[in-house]
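A.B. asks: Got a structure for you, my_file23.cif, holding mmCIF, C-alpha atoms.
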```
data_target
#
loop_
_atom_site.group_PDB
_atom_site.id
_atom_site.type_symbol
_atom_site.label_atom_id
_atom_site.label_comp_id
_atom_site.auth_asym_id
_atom_site.auth_seq_id
_atom_site.Cartn_x
_atom_site.Cartn_y
_atom_site.Cartn_z
ATOM 1 C CA MET A 17 0.000 0.000 0.000
ATOM 2 C CA ASN A 18 1.345 3.402 -0.993
ATOM 3 C CA ILE A 19 1.859 5.891 1.812
ATOM 4 C CA SER A 20 1.609 9.582 0.985
ATOM 5 C CA LEU A 21 4.232 12.100 2.007
ATOM 6 C CA THR A 22 1.637 13.748 4.246
ATOM 7 C CA ASP A 23 0.949 10.463 6.049
ATOM 8 C CA ARG A 24 4.669 9.892 6.504
ATOM 9 C CA ALA A 25 5.135 13.402 7.878
ATOM 10 C CA VAL A 26 2.249 13.001 10.329
ATOM 11 C CA ALA A 27 3.593 9.665 11.560
ATOM 12 C CA ALA A 28 7.081 11.136 11.972
ATOM 13 C CA GLY A 29 5.658 14.133 13.836
ATOM 14 C CA PHE A 30 3.833 11.920 16.321
ATOM 15 C CA ALA A 31 6.901 9.768 16.845
ATOM 16 C CA ALA A 32 8.970 12.875 17.557
ATOM 17 C CA GLY A 33 6.268 14.254 19.840
ATOM 18 C CA TRP A 34 6.224 11.195 22.083
ATOM 19 C CA LYS A 35 10.006 11.225 22.216
ATOM 20 C CA LEU A 36 10.797 14.916 22.626
ATOM 21 C CA VAL A 37 7.854 16.722 24.264
ATOM 22 C CA PRO A 38 8.244 15.000 27.670
ATOM 23 C CA LEU A 39 11.909 16.054 27.745
ATOM 24 C CA LEU A 40 11.152 19.778 27.422
ATOM 25 C CA PRO A 41 9.686 22.186 30.013
ATOM 26 C CA GLN A 42 5.913 21.796 30.157
ATOM 27 C CA ARG A 43 5.244 25.532 30.073
ATOM 28 C CA LEU A 44 7.369 25.924 26.947
ATOM 29 C CA THR A 45 5.741 23.089 25.019
ATOM 30 C CA ALA A 46 2.236 24.139 26.084
ATOM 31 C CA ARG A 47 2.848 27.628 24.716
ATOM 32 C CA GLY A 48 4.218 26.161 21.503
ATOM 33 C CA PHE A 49 1.082 24.097 20.920
ATOM 34 C CA GLU A 50 -1.091 27.112 21.683
ATOM 35 C CA LEU A 51 0.768 29.216 19.123
ATOM 36 C CA ALA A 52 0.469 26.406 16.581
ATOM 37 C CA ALA A 53 -3.287 26.235 17.209
ATOM 38 C CA ASP A 54 -3.627 29.984 16.645
ATOM 39 C CA ARG A 55 -1.698 29.744 13.394
ATOM 40 C CA VAL A 56 -3.942 26.965 12.098
ATOM 41 C CA TRP A 57 -7.030 28.913 13.203
ATOM 42 C CA ARG A 58 -5.901 32.027 11.330
ATOM 43 C CA GLY A 59 -5.305 29.927 8.210
ATOM 44 C CA ARG A 60 -9.009 28.956 8.112
ATOM 45 C CA GLY A 61 -8.416 25.621 6.424
ATOM 46 C CA ALA A 62 -11.142 23.067 5.832
ATOM 47 C CA SER A 63 -10.950 21.582 9.342
ATOM 48 C CA VAL A 64 -11.206 24.988 11.013
ATOM 49 C CA ARG A 65 -14.180 25.947 8.863
ATOM 50 C CA ARG A 66 -15.868 22.644 9.690
ATOM 51 C CA LEU A 67 -15.317 23.149 13.423
ATOM 52 C CA GLU A 68 -16.744 26.656 13.112
ATOM 53 C CA ALA A 69 -19.840 25.350 11.299
ATOM 54 C CA ASN A 70 -20.340 22.630 13.905
ATOM 55 C CA LEU A 71 -20.005 25.094 16.758
ATOM 56 C CA ALA A 72 -22.434 27.465 15.060
ATOM 57 C CA ARG A 73 -25.059 24.732 15.023
ATOM 58 C CA VAL A 74 -24.421 23.865 18.661
ATOM 59 C CA THR A 75 -24.370 27.413 20.044
ATOM 60 C CA GLY A 76 -26.241 29.604 17.576
ATOM 61 C CA LEU A 77 -23.327 32.049 17.636
ATOM 62 C CA GLU A 78 -22.114 33.934 14.585
ATOM 63 C CA GLY A 79 -19.616 36.584 13.602
ATOM 64 C CA ALA A 80 -16.852 37.592 16.002
ATOM 65 C CA GLU A 81 -18.243 35.536 18.899
ATOM 66 C CA LEU A 82 -18.234 32.380 16.791
ATOM 67 C CA ARG A 83 -14.716 33.059 15.523
ATOM 68 C CA GLU A 84 -13.448 33.524 19.086
ATOM 69 C CA LEU A 85 -15.114 30.291 20.214
ATOM 70 C CA THR A 86 -13.514 28.474 17.282
ATOM 71 C CA ARG A 87 -10.109 29.865 18.261
ATOM 72 C CA ARG A 88 -10.577 28.509 21.787
ATOM 73 C CA GLY A 89 -11.745 25.248 20.279
ATOM 74 C CA MET A 90 -8.576 24.888 18.232
ATOM 75 C CA ARG A 91 -6.470 25.635 21.299
ATOM 76 C CA SER A 92 -8.371 22.942 23.186
ATOM 77 C CA TYR A 93 -7.832 20.483 20.328
ATOM 78 C CA PHE A 94 -4.090 21.156 20.225
ATOM 79 C CA ARG A 95 -3.932 20.909 24.026
ATOM 80 C CA TYR A 96 -5.284 17.371 23.693
ATOM 81 C CA PHE A 97 -2.344 16.386 21.500
ATOM 82 C CA HIS A 98 0.146 18.161 23.757
ATOM 83 C CA GLU A 99 -1.138 16.135 26.698
ATOM 84 C CA VAL A 100 -1.112 12.913 24.676
ATOM 85 C CA PHE A 101 2.634 13.314 24.237
ATOM 86 C CA ARG A 102 3.172 13.961 27.951
ATOM 87 C CA LEU A 103 0.779 11.394 29.431
ATOM 88 C CA PRO A 104 3.098 8.362 29.171
ATOM 89 C CA LYS A 105 5.550 10.069 31.555
ATOM 90 C CA MET A 106 2.906 11.425 33.937
ATOM 91 C CA PRO A 107 2.538 9.500 37.219
ATOM 92 C CA SER A 108 -0.814 7.779 37.578
ATOM 93 C CA ALA A 109 -1.338 9.399 40.984
ATOM 94 C CA GLU A 110 -1.020 12.846 39.395
ATOM 95 C CA VAL A 111 -3.600 11.994 36.728
ATOM 96 C CA VAL A 112 -6.050 10.840 39.407
ATOM 97 C CA ARG A 113 -5.379 13.859 41.634
ATOM 98 C CA ARG A 114 -5.892 16.392 38.848
ATOM 99 C CA THR A 115 -9.093 14.827 37.512
ATOM 100 C CA HIS A 116 -12.097 16.494 39.131
ATOM 101 C CA VAL A 117 -14.871 13.923 38.954
ATOM 102 C CA THR A 118 -18.561 13.888 39.777
ATOM 103 C CA GLY A 119 -20.880 10.929 39.402
ATOM 104 C CA ASP A 120 -18.191 8.238 39.533
ATOM 105 C CA GLU A 121 -20.355 6.358 42.030
ATOM 106 C CA HIS A 122 -22.430 5.280 39.024
ATOM 107 C CA ILE A 123 -19.412 3.268 37.851
ATOM 108 C CA TRP A 124 -18.352 1.811 41.177
ATOM 109 C CA GLN A 125 -21.832 0.827 42.359
ATOM 110 C CA THR A 126 -22.639 -0.855 39.064
ATOM 111 C CA LEU A 127 -19.416 -2.848 39.044
ATOM 112 C CA GLU A 128 -19.892 -3.851 42.671
ATOM 113 C CA SER A 129 -23.304 -5.275 41.731
ATOM 114 C CA GLY A 130 -21.645 -7.532 39.161
ATOM 115 C CA ARG A 131 -22.916 -5.737 36.045
ATOM 116 C CA GLY A 132 -20.626 -4.547 33.338
ATOM 117 C CA VAL A 133 -20.396 -0.920 32.223
ATOM 118 C CA VAL A 134 -20.213 0.814 28.871
ATOM 119 C CA LEU A 135 -18.881 4.345 29.275
ATOM 120 C CA ALA A 136 -19.948 6.309 26.191
ATOM 121 C CA LEU A 137 -18.386 9.679 25.510
ATOM 122 C CA PRO A 138 -18.295 12.416 22.897
ATOM 123 C CA HIS A 139 -14.986 13.641 21.503
ATOM 124 C CA MET A 140 -14.420 16.148 24.284
ATOM 125 C CA GLY A 141 -11.492 17.214 26.441
ATOM 126 C CA ASN A 142 -8.868 14.509 26.779
ATOM 127 C CA TRP A 143 -10.467 11.068 26.528
ATOM 128 C CA ASP A 144 -7.090 9.331 26.845
ATOM 129 C CA GLN A 145 -6.473 11.125 30.135
ATOM 130 C CA ALA A 146 -9.930 10.051 31.324
ATOM 131 C CA GLY A 147 -8.967 6.483 30.485
ATOM 132 C CA ALA A 148 -5.756 6.868 32.466
ATOM 133 C CA TRP A 149 -7.858 8.135 35.397
ATOM 134 C CA LEU A 150 -10.005 5.003 35.256
ATOM 135 C CA VAL A 151 -6.945 2.750 35.140
ATOM 136 C CA GLY A 152 -5.448 4.753 38.012
ATOM 137 C CA ASN A 153 -8.513 3.819 40.041
ATOM 138 C CA GLY A 154 -7.815 0.138 39.458
ATOM 139 C CA HIS A 155 -10.074 -0.583 36.492
ATOM 140 C CA ARG A 156 -8.559 -1.670 33.203
ATOM 141 C CA PHE A 157 -10.980 -1.432 30.311
ATOM 142 C CA THR A 158 -11.446 -2.213 26.642
ATOM 143 C CA THR A 159 -11.846 0.342 23.881
ATOM 144 C CA VAL A 160 -11.935 0.474 20.082
ATOM 145 C CA ALA A 161 -9.589 2.554 17.937
ATOM 146 C CA GLU A 162 -10.023 3.919 14.440
ATOM 147 C CA ARG A 163 -7.573 2.399 11.959
ATOM 148 C CA LEU A 164 -5.368 5.429 11.385
ATOM 149 C CA LYS A 165 -3.115 5.887 8.359
ATOM 150 C CA PRO A 166 -0.334 5.053 7.960
ATOM 151 C CA GLU A 167 -0.256 1.751 9.820
ATOM 152 C CA SER A 168 2.810 2.879 11.767
ATOM 153 C CA LEU A 169 0.787 5.733 13.313
ATOM 154 C CA TYR A 170 -2.024 3.348 14.251
ATOM 155 C CA ARG A 171 0.505 1.034 15.918
ATOM 156 C CA ARG A 172 2.097 3.916 17.829
ATOM 157 C CA TYR A 173 -1.288 5.176 19.033
ATOM 158 C CA THR A 174 -2.276 1.674 20.058
ATOM 159 C CA ALA A 175 0.999 1.222 21.942
ATOM 160 C CA PHE A 176 0.453 4.588 23.663
ATOM 161 C CA ARG A 177 -2.999 3.565 24.874
ATOM 162 C CA GLU A 178 -1.920 0.085 25.870
ATOM 163 C CA GLY A 179 0.901 1.697 27.828
ATOM 164 C CA LEU A 180 -1.721 3.605 29.809
ATOM 165 C CA GLY A 181 -3.402 0.302 30.701
ATOM 166 C CA MET A 182 -6.129 0.007 28.077
ATOM 167 C CA GLU A 183 -7.031 -3.008 25.949
ATOM 168 C CA VAL A 184 -7.356 -1.657 22.398
ATOM 169 C CA LEU A 185 -9.312 -3.400 19.642
ATOM 170 C CA PRO A 186 -9.221 -2.183 16.019
ATOM 171 C CA LEU A 187 -12.430 -0.794 14.559
ATOM 172 C CA THR A 188 -11.661 -2.612 11.299
ATOM 173 C CA GLY A 189 -9.164 -5.202 10.132
ATOM 174 C CA GLY A 190 -8.842 -7.109 13.392
ATOM 175 C CA ALA A 191 -8.458 -10.846 13.813
ATOM 176 C CA GLY A 192 -11.751 -11.286 15.678
ATOM 177 C CA HIS A 193 -15.305 -9.991 15.932
ATOM 178 C CA THR A 194 -15.000 -6.701 17.794
ATOM 179 C CA ILE A 195 -18.582 -6.355 19.054
ATOM 180 C CA GLY A 196 -18.507 -9.952 20.276
ATOM 181 C CA THR A 197 -15.313 -9.305 22.214
ATOM 182 C CA LEU A 198 -16.777 -6.178 23.780
ATOM 183 C CA ALA A 199 -19.916 -8.078 24.754
ATOM 184 C CA SER A 200 -17.850 -10.773 26.453
ATOM 185 C CA ARG A 201 -15.978 -8.121 28.462
ATOM 186 C CA VAL A 202 -19.121 -6.504 29.879
ATOM 187 C CA ARG A 203 -20.865 -9.848 30.432
ATOM 188 C CA ARG A 204 -17.979 -10.708 32.739
ATOM 189 C CA GLY A 205 -18.548 -7.494 34.687
ATOM 190 C CA GLY A 206 -15.867 -5.431 32.957
ATOM 191 C CA VAL A 207 -15.717 -1.906 31.544
ATOM 192 C CA VAL A 208 -15.831 -0.823 27.909
ATOM 193 C CA CYS A 209 -15.218 2.805 26.849
ATOM 194 C CA LEU A 210 -16.420 3.972 23.444
ATOM 195 C CA PRO A 211 -16.593 7.292 21.566
ATOM 196 C CA ALA A 212 -20.243 7.582 20.646
ATOM 197 C CA GLU A 213 -21.297 10.675 18.704
ATOM 198 C CA ARG A 214 -19.594 10.138 15.313
ATOM 199 C CA ASP A 215 -20.193 7.057 13.195
ATOM 200 C CA LEU A 216 -17.185 5.719 11.281
ATOM 201 C CA THR A 217 -18.761 2.502 10.003
ATOM 202 C CA LYS A 218 -21.467 3.837 7.622
ATOM 203 C CA SER A 219 -23.922 1.568 9.443
ATOM 204 C CA GLY A 220 -24.801 3.837 12.346
ATOM 205 C CA ILE A 221 -28.155 4.768 13.852
ATOM 206 C CA GLU A 222 -29.970 7.936 12.843
ATOM 207 C CA VAL A 223 -30.653 10.286 15.747
ATOM 208 C CA SER A 224 -31.687 13.891 16.211
ATOM 209 C CA PHE A 225 -28.694 15.827 17.521
ATOM 210 C CA PHE A 226 -28.935 19.573 18.146
ATOM 211 C CA GLY A 227 -32.055 19.671 15.994
ATOM 212 C CA ALA A 228 -30.690 17.893 12.917
ATOM 213 C CA THR A 229 -30.157 14.301 11.815
ATOM 214 C CA THR A 230 -26.851 12.521 12.202
ATOM 215 C CA LYS A 231 -25.691 8.942 12.572
ATOM 216 C CA VAL A 232 -24.010 7.612 15.706
ATOM 217 C CA PRO A 233 -22.275 4.286 16.358
ATOM 218 C CA ALA A 234 -24.640 1.461 17.268
ATOM 219 C CA GLY A 235 -22.099 -0.181 19.592
ATOM 220 C CA PRO A 236 -22.804 1.440 22.989
ATOM 221 C CA ALA A 237 -26.595 1.082 22.814
ATOM 222 C CA LEU A 238 -26.365 -2.349 21.193
ATOM 223 C CA LEU A 239 -24.136 -3.657 23.980
ATOM 224 C CA ALA A 240 -26.597 -2.385 26.594
ATOM 225 C CA VAL A 241 -29.518 -4.067 24.814
ATOM 226 C CA GLN A 242 -27.712 -7.353 24.181
ATOM 227 C CA THR A 243 -25.969 -7.807 27.532
ATOM 228 C CA GLY A 244 -27.943 -5.801 30.096
ATOM 229 C CA CYS A 245 -24.866 -3.781 31.039
ATOM 230 C CA ALA A 246 -25.183 -0.206 32.259
ATOM 231 C CA LEU A 247 -24.858 2.499 29.590
ATOM 232 C CA LEU A 248 -23.242 5.490 31.310
ATOM 233 C CA PRO A 249 -22.578 8.756 29.436
ATOM 234 C CA ALA A 250 -19.342 10.575 30.306
ATOM 235 C CA ILE A 251 -18.773 14.303 29.733
ATOM 236 C CA LEU A 252 -15.182 15.592 29.641
ATOM 237 C CA TRP A 253 -13.681 19.071 29.583
ATOM 238 C CA PHE A 254 -10.547 21.006 30.486
ATOM 239 C CA GLU A 255 -10.697 22.689 33.887
ATOM 240 C CA GLY A 256 -7.825 25.169 34.164
ATOM 241 C CA ASP A 257 -4.650 23.091 33.956
ATOM 242 C CA ASP A 258 -6.622 20.050 35.152
ATOM 243 C CA TRP A 259 -9.517 17.998 33.799
ATOM 244 C CA GLY A 260 -13.228 17.793 34.493
ATOM 245 C CA LEU A 261 -15.174 14.552 34.200
ATOM 246 C CA ARG A 262 -18.840 13.913 34.896
ATOM 247 C CA ILE A 263 -20.347 10.440 34.828
ATOM 248 C CA GLU A 264 -24.050 10.724 34.153
ATOM 249 C CA PRO A 265 -26.743 8.353 35.455
ATOM 250 C CA GLU A 266 -27.482 5.198 33.491
ATOM 251 C CA VAL A 267 -29.354 5.642 30.225
ATOM 252 C CA ALA A 268 -32.623 3.740 30.419
ATOM 253 C CA VAL A 269 -32.931 1.011 27.785
ATOM 254 C CA PRO A 270 -36.529 0.176 26.758
ATOM 255 C CA ALA A 271 -37.779 -3.220 27.822
ATOM 256 C CA GLU A 272 -40.258 -3.509 24.937
ATOM 257 C CA GLY A 273 -39.864 -3.477 21.161
ATOM 258 C CA THR A 274 -37.574 -5.119 18.655
ATOM 259 C CA ARG A 275 -33.845 -5.048 19.233
ATOM 260 C CA GLN A 276 -33.462 -2.409 16.535
ATOM 261 C CA GLU A 277 -36.148 -0.233 18.107
ATOM 262 C CA ARG A 278 -34.649 -0.549 21.590
ATOM 263 C CA VAL A 279 -31.175 0.311 20.314
ATOM 264 C CA ALA A 280 -32.510 3.356 18.462
ATOM 265 C CA VAL A 281 -34.297 4.704 21.555
ATOM 266 C CA ALA A 282 -31.238 4.161 23.786
ATOM 267 C CA ALA A 283 -28.978 5.883 21.236
ATOM 268 C CA GLN A 284 -31.308 8.894 21.094
ATOM 269 C CA ARG A 285 -31.402 9.150 24.877
ATOM 270 C CA LEU A 286 -27.605 8.947 24.965
ATOM 271 C CA VAL A 287 -27.025 11.835 22.549
ATOM 272 C CA GLU A 288 -29.518 13.977 24.436
ATOM 273 C CA VAL A 289 -27.163 13.730 27.414
ATOM 274 C CA PHE A 290 -24.261 14.605 25.123
ATOM 275 C CA GLU A 291 -26.129 17.687 23.905
ATOM 276 C CA LYS A 292 -26.234 19.101 27.416
ATOM 277 C CA GLY A 293 -22.544 18.440 28.080
ATOM 278 C CA ILE A 294 -21.372 19.847 24.745
ATOM 279 C CA ALA A 295 -23.540 22.951 25.199
ATOM 280 C CA GLU A 296 -21.885 23.526 28.591
ATOM 281 C CA HIS A 297 -18.330 23.183 27.202
ATOM 282 C CA PRO A 298 -18.493 23.806 23.431
ATOM 283 C CA GLU A 299 -14.853 24.901 23.193
ATOM 284 C CA ASP A 300 -13.761 21.447 24.364
ATOM 285 C CA TRP A 301 -15.778 19.531 21.756
ATOM 286 C CA HIS A 302 -13.245 18.441 19.137
ATOM 287 C CA MET A 303 -15.458 17.851 16.113
ATOM 288 C CA LEU A 304 -13.492 18.952 13.071
ATOM 289 C CA GLN A 305 -15.263 16.541 10.744
ATOM 290 C CA ARG A 306 -18.584 16.436 8.923
ATOM 291 C CA LEU A 307 -21.220 15.196 11.334
ATOM 292 C CA TRP A 308 -24.746 16.011 10.219
ATOM 293 C CA ILE A 309 -26.376 14.483 7.172
ATOM 294 C CA ASP A 310 -27.455 17.875 5.790
ATOM 295 C CA GLN A 311 -23.920 19.318 5.843
#
```
Can you present the structure in this file as C-alpha cells?
C.D. replies:
Amino acid sequence: MNISLTDRAVAAGFAAGWKLVPLLPQRLTARGFELAADRVWRGRGASVRRLEANLARVTGLEGAELRELTRRGMRSYFRYFHEVFRLPKMPSAEVVRRTHVTGDEHIWQTLESGRGVVLALPHMGNWDQAGAWLVGNGHRFTTVAERLKPESLYRRYTAFREGLGMEVLPLTGGAGHTIGTLASRVRRGGVVCLPAERDLTKSGIEVSFFGATTKVPAGPALLAVQTGCALLPAILWFEGDDWGLRIEPEVAVPAEGTRQERVAVAAQRLVEVFEKGIAEHPEDWHMLQRLWIDQ
C-alpha cells in the first residue's frame, strides 16, 4: 500500500512528539502548541471551517463571537495532543489527583453489583487522560480505535494507549469480531469505553442531535440491549490546567420493542445527554469533521 508524504510526515511528527515533548519544560511546550493552534485557526483551512460550522449549530453564535469560540476550540484540540505526548511520563497518581470527577459512584456501584459498564463519551477534552484516570482507580478497560493511516501511526497510538493500561481493539481489520469481544468483556462485569457521537462505520443509527439528523455508532446502545450492562454517558472538559469529568446516570434502555427499536431509543437518549454536556463546554468539543447528514 502506498503511503503519501503527508501520512509519513504526520507519523514522523507523532513519533517525535512522544520522544521529545516530555523532555522539554511543560510551560514551553504548552505555549508552543497554543501558538500552533492559533496559526492553524488564522489559516481557516477546511478543518477549522468545519469546526466553526459545527459550533455554530451547537451554540447559535455567529460573527466575532463564533470566531473567538472556534479559536478557543482549536487551542483545546491542540492541548489534547500536547497532553497525549506527555501522558506516558505522567505519574498515575497525578492523573487521578488532577481529575475532578462527579458521578463516579455510578461506575463503582454498578461494578460492585456484578454488572458490566459501557462508558460512552463524545470527543471532548482529553479522553485518553480520562482512560488513564479510570486505570489509576484500578479498572482496566477495553476500547476500540479507528484504523489510522499510515499503519505505523495506528501502531504507535495503540501502543500509547496500551501503555496507559487500556485493551485496544481495532475498529476494522482485526483478527476477531470486535462487538462480540466487547460483549464478552461486559458480560464478565468489565468496563468498555467507546466514543459515541460520530459514526465511522457507515452503518450507524440515525438520531436527532442539536435539531438535525446525524448517525451515531450502534455499539454502545447495542451492547446495553444485548448484555444488560449499564450504559453510562461521560462528559469531559478542560478545567484550568486540570480535567473535568462527569459520569451521568445510566441511560434507560426500553424493555419492549424489537432489538433495533430498543437500540434506536437508547442511542437517542444517549445523545440527548451529550447535547447538554457539549452545550456547557463547546470549546472542548473536538469535532473537526462532517457530522450532520445535511452538511
A.B. asks: Could you list, as a list in words, every residue within 8 Å of Val208 (chain A), counting only C-alpha atoms and ignoring same-chain residues fewer than 6 positions away?
C.D. replies: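 Everything that qualifies: Val133, Val134, Leu135, Phe157, Thr158, Thr159, Leu198, Arg201 and Val202 of chain A.
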A.B. asks: What does the PyMOL selection byres ((chain A and resi 23-35) around 6) select in this file, as a list in words?
C.D. replies: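 Output from the PyMOL selection byres ((chain A and resi 23-35) around 6), applied to this file: Ser20, Leu21, Thr22, Leu36, Val37, Phe101, Pro166 and Leu169 of chain A.
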A.B. asks: As an MDAnalysis selection string, please: the residues near Leu185 (chain A) (cut-off 12 Å, all atoms listed in the file, same-chain neighbours under 3 positions excluded).
C.D. replies: chainID A and resid 157:163 170:171 173:175 177:178 182 188:198 208:210
A.B. asks: Write out as a Markdown table the residues of region 187-242 of chain A that have any atom within 12 Å of an atom of region 73-91 of chain A, one row each with the nearest atom pair and its distance in Å to one decimal, counting all atoms listed in the file, sorted by chain and then rising number.
C.D. replies:
```
| residue | atom | partner | partner_atom | distance |
| --- | --- | --- | --- | --- |
| A:Phe225 | CA | A:Val74 | CA | 9.2 |
| A:Phe226 | CA | A:Val74 | CA | 6.3 |
| A:Gly227 | CA | A:Arg73 | CA | 8.7 |
| A:Ala228 | CA | A:Arg73 | CA | 9.1 |
```
A.B. asks: One number please: CA of Gly244 (chain A) to CA of Pro270 (chain A), in Å, one decimal.
C.D. replies: 11.0 Å
A.B. asks: List as a ChimeraX atom specification the protein and nucleic acid residues near Pro38 (chain A), meaning an atom at most 9 Å away when all atoms listed in the file are counted, but skip any in the same chain fewer than 4 places from it.
C.D. replies: /A:33-34,42,45,101-106
A.B. asks: With the PyMOL selection byres ((chain A and resi 305) around 7) as the selection, what would be picked from this file? Answer as a PyMOL selection string, please.
C.D. replies: chain A and resi 63+66+303-304+306-307
A.B. asks: Could you work out how far CA of Gly260 (chain A) lies from CA of Trp124 (chain A), giving the answer in Å with one decimal?
C.D. replies: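 These two atoms are separated by 18.1 Å.
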A.B. asks: Any chance you could resolve the PyMOL selection byres ((chain A and resi 240) around 9) against this file and give the residues as a PyMOL selection string?
C.D. replies: chain A and resi 133-134+199+235-239+241-247+269+279+282
A.B. asks: Please provide the set of residues having any atom within 9 Å of Arg214 (chain A), restricted to only C-alpha atoms, with same-chain residues fewer than 4 positions apart removed, written as a ChimeraX atom specification.
C.D. replies: /A:138-139,220,230-233,303,305,307
A.B. asks: Separation of CA of Ala283 (chain A) and CA of Ala250 (chain A), in Å?
C.D. replies: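 So the answer is 14.0 Å.
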A.B. asks: Using only C-alpha atoms, pick whichever of A:Glu299, A:Glu222, A:Asp310, A:Asp257 has the shortest atom-to-atom distance to Glu277 (chain A).
C.D. replies: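 For Glu277 (chain A), the nearest of the candidates is A:Glu222.
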A.B. asks: Using only C-alpha atoms, find the one residue out of A:Gln284, A:Arg278, A:Arg262, A:Gly293 that sits nearest to Glu121 (chain A).
C.D. replies: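 Checking each candidate against Glu121 (chain A), we get A:Arg262 as the closest.
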A.B. asks: Taking the point (-13.8, 14.5, 30.6) as given in the file, collect each protein or nucleic acid residue that comes within 9 Å of it, counting all atoms listed in the file, and present the set as a PDB file with C-alpha atoms, in the frame of the given file.
C.D. replies:
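Okay, this is what ended up in selection.pdb:
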```
ATOM      1  CA  THR A 115      -9.093  14.827  37.512  1.00  0.00           C
ATOM      2  CA  HIS A 116     -12.097  16.494  39.131  1.00  0.00           C
ATOM      3  CA  VAL A 117     -14.871  13.923  38.954  1.00  0.00           C
ATOM      4  CA  LEU A 137     -18.386   9.679  25.510  1.00  0.00           C
ATOM      5  CA  MET A 140     -14.420  16.148  24.284  1.00  0.00           C
ATOM      6  CA  GLY A 141     -11.492  17.214  26.441  1.00  0.00           C
ATOM      7  CA  ASN A 142      -8.868  14.509  26.779  1.00  0.00           C
ATOM      8  CA  TRP A 143     -10.467  11.068  26.528  1.00  0.00           C
ATOM      9  CA  GLN A 145      -6.473  11.125  30.135  1.00  0.00           C
ATOM     10  CA  ALA A 146      -9.930  10.051  31.324  1.00  0.00           C
ATOM     11  CA  ALA A 250     -19.342  10.575  30.306  1.00  0.00           C
ATOM     12  CA  ILE A 251     -18.773  14.303  29.733  1.00  0.00           C
ATOM     13  CA  LEU A 252     -15.182  15.592  29.641  1.00  0.00           C
ATOM     14  CA  TRP A 253     -13.681  19.071  29.583  1.00  0.00           C
ATOM     15  CA  PHE A 254     -10.547  21.006  30.486  1.00  0.00           C
ATOM     16  CA  TRP A 259      -9.517  17.998  33.799  1.00  0.00           C
ATOM     17  CA  GLY A 260     -13.228  17.793  34.493  1.00  0.00           C
ATOM     18  CA  LEU A 261     -15.174  14.552  34.200  1.00  0.00           C
ATOM     19  CA  ARG A 262     -18.840  13.913  34.896  1.00  0.00           C
ATOM     20  CA  ILE A 263     -20.347  10.440  34.828  1.00  0.00           C
TER      21      ILE A 263
END
```
A.B. asks: Smallest atom-to-atom distance to Ala234 (chain A): which of A:Leu286, A:Ser219, A:Leu44, A:Leu39, using all atoms listed in the file?
C.D. replies: A:Ser219
